[in-house]
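Worksheet: the structure to be examined is printed underneath.
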Amino acid sequence: MELLRKWLGHPEDIYHLLRFKMGGYRVVMPRMDPDSLGLGLRTCYRYLNQTSRSFAAVIQALDGELRHAVCIFYLVLRALDTIEDDMTISLDVKVPMLIEFHSYLYQPEWKYMESKEKHRQVLEDFPTISMEFRNLAKVYQDVISDICHKMGVGMAEFLEKKVDSQSEWDRYCHYVAGLVGIGLSRLFSASELEDPIVGQDTELANSMGLFLQKTNIIRDYLEDQLEGREFWPREVWSRYTKKLSDLTKPENIDMAVQCLNELITNALRHVPDVLTYLSRLKNQSVFNFCAIPQVMAIATLAACYNNKQVFRGVVKIRKGQAVTLMMDATNMQSVKAIMYQYVEEIYQKIPSTDPSSNKTQQIIASIRAMSLPSGPMASRHHYSPIYLSCAMLLAALSWQYLSTISKATEEYVQAGEN
């Protein structure tokens, strides 16, 4: 019944869930024919689907040869990330592996059979991935190898180093996500589906990655604490508590929320760059690929802002809300309207006593100036009384059916992934 109550409170979710289930997903996630691929590529796409809940579908929706390049790029970085995450590998082995990992792309027999991580298959069958990498056009190979090298060096740097200053937070996020944004942008331009400026403007591409990574780090505070990881910058949290873990204590909840709000304000400063970047994209499949994670991120930050639940459990956007965002974020006007909606939601929740309130208001003002909606999208969430009544009746009749919506769809619409 809890699910039913949620839907009654958000009847628009019913419409979009049904629309998505009844074929709307093909707009943003058209299916690829696996029979058209060779054995190696089929194996790579199988690994992609096994290792990524959020990205597999949109990667497979990309146009032309770009699809294969991004698939291989993802798997190469997944293999690199698996090495970094594996705590059973000693540092004297791990550090050289991370730094030299890009060279393994050109070693047909290289593989690693001793990982204990859940995605170890990408290391155990790395010869298949590296073979398909070498089958890519050289322009794609050069991008993937270069980003892999830079990311490996950055990961090695932060293995025994905690994130202290806000500039180090930016640097860490650059290594693990900003470089991904830069690499993807270079692949977009290399495919000629996008103009050269998309791949050349590394500052905007970096911001695309930083916005997503910071959102994940902010949202995942409690999960990271439980697993012994710390990614919030000391420069910020030390103003509110002596130890980052102390933010979970009930007596510290007010300070914890103020720290949370400051970090969300920091993340929001990337939104103007995100909007500028998206406005340059011309290819529909590339636009969908880039825009969907960004609108998921702004919705997640709006849910987390000034929310004590971040320190008590998991804060997620609703599945129906996520599907609505996926269906709407297919053009620039809609994306601007979505950004405007969620920064307004944050603005309405800013406490007058919050230490970051002035900064939060300032960055929201700059986002408003870039995303002020116009035309029909300005009222994208206004529904007539007749529509609401019908939707509520539909919710009462179909809540049990919708609760059985396919597992693949539910996994995809999770709001982001580390």
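Residue numbering restarts at 1 for every chain of the structure tokens, chains are lettered A, B, ... in their displayed order, and ligands are numbered from 1 as they appear.
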
| Counting only C-alpha atoms, what is within 7 Å of region 276-283 of chain A, bar same-chain residues fewer than 2 positions away, as a ChimeraX atom specification? | /A:193-194,204,272-274,285-287,291,332

| request: Pick out each residue of region 141-307 of chain A that DSSP on the backbone tags as helix (DSSP H, G or I); I need them as JSON, numbers by chain. | output: {"A": [141, 142, 143, 144, 145, 146, 147, 148, 149, 150, 151, 152, 153, 154, 155, 156, 157, 158, 166, 167, 168, 169, 170, 171, 172, 173, 174, 175, 176, 177, 178, 179, 180, 181, 182, 183, 184, 185, 186, 187, 188, 189, 190, 196, 197, 198, 199, 200, 202, 203, 204, 205, 206, 207, 208, 209, 210, 211, 212, 213, 214, 215, 216, 217, 218, 219, 221, 222, 223, 224, 225, 226, 234, 235, 236, 237, 244, 245, 246, 247, 248, 250, 251, 252, 253, 254, 255, 256, 257, 258, 259, 260, 261, 262, 263, 264, 265, 266, 267, 268, 271, 272, 273, 274, 275, 276, 277, 278, 279, 284, 285, 286, 287, 288, 289, 290, 291, 292, 293, 294, 295, 296, 297, 298, 299, 300, 301, 302, 303, 304]}

| Non-local contacts of His174 (chain A) (9 Å; only C-alpha atoms; under 6 positions in same chain excluded) as a ChimeraX atom specification | /A:151,154,180-181,206-207,209-210,213

Store the residues of this selection in a file with N, CA, C and O atoms, as a CSV table (one decimal), in the first residue's frame.
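Final output, result-v4.csv:
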```csv
chain,number,residue,atom,x,y,z
A,151,MET,N,43.8,8.3,-16.1
A,151,MET,CA,43.0,7.8,-15.0
A,151,MET,C,43.8,6.9,-14.1
A,151,MET,O,43.7,6.9,-12.9
A,154,GLY,N,46.1,8.9,-11.9
A,154,GLY,CA,45.3,9.6,-10.9
A,154,GLY,C,44.8,8.6,-9.8
A,154,GLY,O,44.8,9.0,-8.6
A,180,VAL,N,36.4,10.8,-17.8
A,180,VAL,CA,35.4,10.1,-18.5
A,180,VAL,C,34.6,11.0,-19.4
A,180,VAL,O,34.4,10.8,-20.6
A,181,GLY,N,34.2,12.2,-18.9
A,181,GLY,CA,33.5,13.2,-19.7
A,181,GLY,C,34.4,13.7,-20.8
A,181,GLY,O,33.9,13.9,-21.9
A,206,ASN,N,34.8,18.2,-18.5
A,206,ASN,CA,35.2,17.9,-17.1
A,206,ASN,C,34.0,18.2,-16.1
A,206,ASN,O,33.7,17.4,-15.2
A,207,SER,N,33.3,19.3,-16.3
A,207,SER,CA,32.2,19.6,-15.4
A,207,SER,C,31.1,18.6,-15.5
A,207,SER,O,30.4,18.4,-14.5
A,209,GLY,N,31.4,15.4,-15.9
A,209,GLY,CA,31.8,14.3,-15.0
A,209,GLY,C,31.7,14.7,-13.6
A,209,GLY,O,31.3,13.9,-12.7
A,210,LEU,N,32.2,15.9,-13.2
A,210,LEU,CA,32.3,16.3,-11.8
A,210,LEU,C,30.9,16.4,-11.2
A,210,LEU,O,30.7,16.1,-10.0
A,213,GLN,N,29.7,12.8,-10.5
A,213,GLN,CA,30.5,12.2,-9.4
A,213,GLN,C,30.2,12.8,-8.0
A,213,GLN,O,30.1,12.1,-7.0
```

| note | Separating CA of Tyr240 (chain A) from CA of Met255 (chain A), to the nearest tenth of an Å, is a gap of 5.6 Å

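Residue neighbourhood of region 125-139 of chain A, excluding near-sequence residues (fewer than 3 positions): Leu105, Pro108, Glu109, Lys111, Gln121, Val122 and Asp142 of chain A, at 6 Å, using only C-alpha atoms.
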
Can you write just those residues out, C-alpha atoms, as a compact mmCIF listing (two decimals), in the first residue's frame?
```txt
# COMPACT_ATOMS: atom_id res chain seq x y z
CA LEU A 105 45.44 -2.75 -24.40
CA PRO A 108 46.88 -9.56 -26.82
CA GLU A 109 47.44 -12.16 -24.10
CA LYS A 111 44.72 -10.87 -18.39
CA GLN A 121 35.27 -11.28 -15.70
CA VAL A 122 36.41 -8.11 -17.48
CA ASP A 142 44.13 6.96 -29.16
```

| field | Residues within 9 Å of Leu75 (chain A), only C-alpha atoms, excluding chain neighbours under 5 positions, as a list in words | value |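 Contacts, with the query itself left out: Cys44, Tyr47, Leu48, Thr51, Val70, Leu80, Val122 and Ile129 of chain A.
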